[in-house]
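These notes concern the structure reproduced below.
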Amino acid sequence: MLAEHNKEHYVLGHTARELDRLDLQGVIYEGVTRRTLLAGGLRPGMRVLDIGCGSGDVARLAAEIVGETGSVLGLDMDEQAIASAMARAAQWPGLNLSFRLGEASTAASIGQFDALIGRFVLMHQPDPATVLAQAVRAVRPGGLVIFVESHMAALLNGRHSTPFSPLYDEVVRWKCAVVGAVADIEAGYRLRQTFVAAGLPAPQLHAEAVVEGGADSVLYRYMAESIRSMLPMAAAHQITGFDEASVDTLEARLREDVVASGGVIVCWPAVGAWCQLPEKL
Ligand SMILES: C[S@@+](CC[C@H](N)C(=O)[O-])C[C@H]1O[C@@H](n2cnc3c(N)ncnc32)[C@H](O)[C@@H]1O
């Protein structure tokens, strides 16, 4: 059962450190996100709405694609996220990009867009199809709907490293337990059902996962910092296994483990889904 949807229940919170973690996440998921936006038909000149924009990485990618003749509006229900996105956007000159505080479900009251996009936001909705159906009212007939969601559950049962890393197994199981307590860790492969239940055409889909080894991988820090962000939520759900002290050394231990084995670890697969609305609704 998913938690009630409101900002108190957003699993990762919005501390400064969490917003940094979102930056790291932006680096890891930049490639698949750009590829999904392009596959979904995002083109120069389009007006785009990014729901659950967080600190603005997806909106920035979209703004690079639509160029100066297009525009991107990032919408998020959290004030700190919007403040962070606005501060970061000041460092990205030349992009037609703005941000605004608001609920995804109320998007239609903002205006009409050529495309609705979002990443890692439907997984946090107790009823993603309803939120999607509401948000899609902001899209013109013939417009685009493009989402990227992770499928965290894909890494369970040891399908996350070669050779098998017991430490990474602990990380994967812990994160799936914590996120799974309040959000959908199967949102990625469920995107087809979510689109259809929202009354949209069945989407085209693809999935990608970052696979890395070696000393320089950013995955060790990303995993450690995302666990740190989730410690309060884990405590609230009586999930033990990591604390501040063990997280402080986790990045180094994970790096050492993977480098020593000469192997790789797999990050959460990201699923891209996209469709075009009918010209006549
Ligand atoms: C995991 S973060 C993803 C941020 C960004 N899309 C990215 O990929 O970097 C999810 C974001 O969605 C926002 N969010 C969740 N549910 C929302 C809703 N119903 N309406 C608006 N924002 C929402 C949260 O505040 C959070 O900033």
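Letters A, B, ... mark the chains of the structure tokens in the order given; residue numbers begin at 1 per chain; ligand numbers begin at 1, in order shown.
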(request) Identify, with DSSP run on backbone atoms, the residues in segment 13-187 of chain A assigned to helix (DSSP H, G or I), and express the list as a PyMOL selection string. (result) chain A and resi 16-39+57-66+79-89+104-109+122-124+128-138+152-155+166-182
Using C-alpha atoms, can you export the residues from the last selection as a short mmCIF file (atom, residue, chain, number, x, y, z; two decimals), in the first residue's frame?
```cif
data_model
loop_
_atom_site.label_atom_id
_atom_site.label_comp_id
_atom_site.auth_asym_id
_atom_site.auth_seq_id
_atom_site.Cartn_x
_atom_site.Cartn_y
_atom_site.Cartn_z
CA ALA A 16 20.56 20.50 0.57
CA ARG A 17 22.34 17.13 0.54
CA GLU A 18 19.35 15.49 -1.14
CA LEU A 19 19.35 18.15 -3.82
CA ASP A 20 23.06 17.37 -4.40
CA ARG A 21 22.11 13.70 -4.68
CA LEU A 22 19.59 14.66 -7.37
CA ASP A 23 22.48 16.38 -9.24
CA LEU A 24 24.46 13.13 -9.12
CA GLN A 25 21.38 11.26 -10.29
CA GLY A 26 21.14 13.75 -13.15
CA VAL A 27 24.62 12.76 -14.34
CA ILE A 28 23.87 9.02 -14.16
CA TYR A 29 20.54 9.30 -15.97
CA GLU A 30 21.38 12.07 -18.44
CA GLY A 31 22.02 9.78 -21.41
CA VAL A 32 18.87 7.70 -21.17
CA THR A 33 16.79 10.81 -20.47
CA ARG A 34 18.09 12.68 -23.52
CA ARG A 35 17.62 9.61 -25.71
CA THR A 36 14.07 9.15 -24.44
CA LEU A 37 13.15 12.81 -25.02
CA LEU A 38 14.47 12.61 -28.58
CA ALA A 39 12.85 9.23 -29.28
CA ASP A 57 18.06 18.37 -14.76
CA VAL A 58 15.34 17.04 -17.04
CA ALA A 59 14.01 20.52 -17.74
CA ARG A 60 17.54 21.60 -18.70
CA LEU A 61 17.94 18.68 -21.13
CA ALA A 62 14.55 19.48 -22.66
CA ALA A 63 15.46 23.17 -22.94
CA GLU A 64 18.65 22.25 -24.81
CA ILE A 65 16.54 20.25 -27.29
CA VAL A 66 13.73 22.78 -27.84
CA GLU A 79 9.60 24.99 -2.56
CA GLN A 80 13.21 23.95 -1.90
CA ALA A 81 13.35 21.99 -5.14
CA ILE A 82 12.03 24.99 -7.09
CA ALA A 83 14.48 27.33 -5.35
CA SER A 84 17.36 24.99 -6.19
CA ALA A 85 16.22 24.64 -9.82
CA MET A 86 15.99 28.42 -10.19
CA ALA A 87 19.43 28.94 -8.67
CA ARG A 88 20.94 26.33 -10.97
CA ALA A 89 19.16 27.69 -14.04
CA ALA A 104 1.33 17.99 -11.18
CA SER A 105 -2.38 17.26 -11.07
CA THR A 106 -3.19 20.97 -11.51
CA ALA A 107 -0.96 21.43 -14.57
CA ALA A 108 -3.84 22.21 -16.92
CA SER A 109 -4.53 25.44 -15.05
CA LEU A 122 5.09 8.78 -11.29
CA MET A 123 6.69 6.25 -8.94
CA HIS A 124 5.93 8.63 -6.07
CA PRO A 128 0.00 7.51 -11.04
CA ALA A 129 -2.58 6.97 -13.79
CA THR A 130 -4.93 9.55 -12.26
CA VAL A 131 -2.15 12.13 -11.82
CA LEU A 132 -0.98 11.46 -15.38
CA ALA A 133 -4.53 11.78 -16.75
CA GLN A 134 -4.92 15.10 -14.92
CA ALA A 135 -1.53 16.45 -16.00
CA VAL A 136 -2.08 15.44 -19.61
CA ARG A 137 -4.97 17.90 -19.85
CA ALA A 138 -2.23 20.51 -20.17
CA MET A 152 14.32 -0.72 -8.98
CA ALA A 153 12.93 -4.21 -8.42
CA ALA A 154 14.86 -5.42 -11.48
CA LEU A 155 18.03 -5.61 -9.35
CA PRO A 166 27.45 -9.02 -0.99
CA LEU A 167 27.84 -5.35 0.00
CA TYR A 168 26.02 -4.11 -3.08
CA ASP A 169 23.36 -6.74 -2.42
CA GLU A 170 22.83 -5.14 1.00
CA VAL A 171 22.54 -1.71 -0.65
CA VAL A 172 20.05 -2.92 -3.25
CA ARG A 173 17.85 -4.79 -0.78
CA TRP A 174 17.88 -1.91 1.73
CA LYS A 175 17.02 0.74 -0.86
CA CYS A 176 14.27 -1.37 -2.39
CA ALA A 177 12.80 -1.93 1.09
CA VAL A 178 12.85 1.78 1.99
CA VAL A 179 11.63 3.15 -1.34
CA GLY A 180 9.19 0.26 -1.65
CA ALA A 181 7.60 1.27 1.66
CA VAL A 182 6.35 4.54 0.17
#
```
(request) Write down as a PyMOL selection string the residues of segment 35-216 of chain A whose backbone DSSP state falls under strand (DSSP E). (result) chain A and resi 47-51+71-76+97-101+113-119+139-150+161-162+204-208+211-212
May I have a table of the residues of segment 128-236 of chain A lying at most 8 Å from segment 241-262 of chain A, giving each one's closest pair of atoms and their distance in Å to one decimal, counting only C-alpha atoms, ordered by chain and ascending residue number, as JSON lines?
```
{"residue": "A:Pro163", "atom": "CA", "partner": "A:Ser261", "partner_atom": "CA", "distance": 6.8}
{"residue": "A:Ser165", "atom": "CA", "partner": "A:Asp257", "partner_atom": "CA", "distance": 7.2}
{"residue": "A:Leu167", "atom": "CA", "partner": "A:Leu254", "partner_atom": "CA", "distance": 6.8}
{"residue": "A:Tyr168", "atom": "CA", "partner": "A:Leu254", "partner_atom": "CA", "distance": 7.0}
{"residue": "A:Trp174", "atom": "CA", "partner": "A:Gly241", "partner_atom": "CA", "distance": 7.3}
{"residue": "A:Gly213", "atom": "CA", "partner": "A:Val258", "partner_atom": "CA", "distance": 6.3}
{"residue": "A:Gly214", "atom": "CA", "partner": "A:Val259", "partner_atom": "CA", "distance": 5.2}
{"residue": "A:Ala215", "atom": "CA", "partner": "A:Arg255", "partner_atom": "CA", "distance": 6.1}
{"residue": "A:Tyr220", "atom": "CA", "partner": "A:Glu251", "partner_atom": "CA", "distance": 4.8}
{"residue": "A:Arg221", "atom": "CA", "partner": "A:Glu251", "partner_atom": "CA", "distance": 5.1}
{"residue": "A:Met223", "atom": "CA", "partner": "A:Glu251", "partner_atom": "CA", "distance": 7.5}
{"residue": "A:Ala224", "atom": "CA", "partner": "A:Glu251", "partner_atom": "CA", "distance": 5.5}
{"residue": "A:Glu225", "atom": "CA", "partner": "A:Val247", "partner_atom": "CA", "distance": 7.8}
{"residue": "A:Ile227", "atom": "CA", "partner": "A:Val247", "partner_atom": "CA", "distance": 7.2}
{"residue": "A:Arg228", "atom": "CA", "partner": "A:Val247", "partner_atom": "CA", "distance": 6.3}
{"residue": "A:Leu231", "atom": "CA", "partner": "A:Asp243", "partner_atom": "CA", "distance": 6.8}
```
(message) Using only C-alpha atoms and all ligand atoms, can you tell me which of A:Arg159, A:Arg119, A:Arg192, A:His206 comes closest to ligand 1?
(response) A:Arg119
(request) Quote the spacing between atom CA of Ile265 of chain A and atom CA of Thr194 of chain A in Å to one decimal place. (result) 29.0 Å
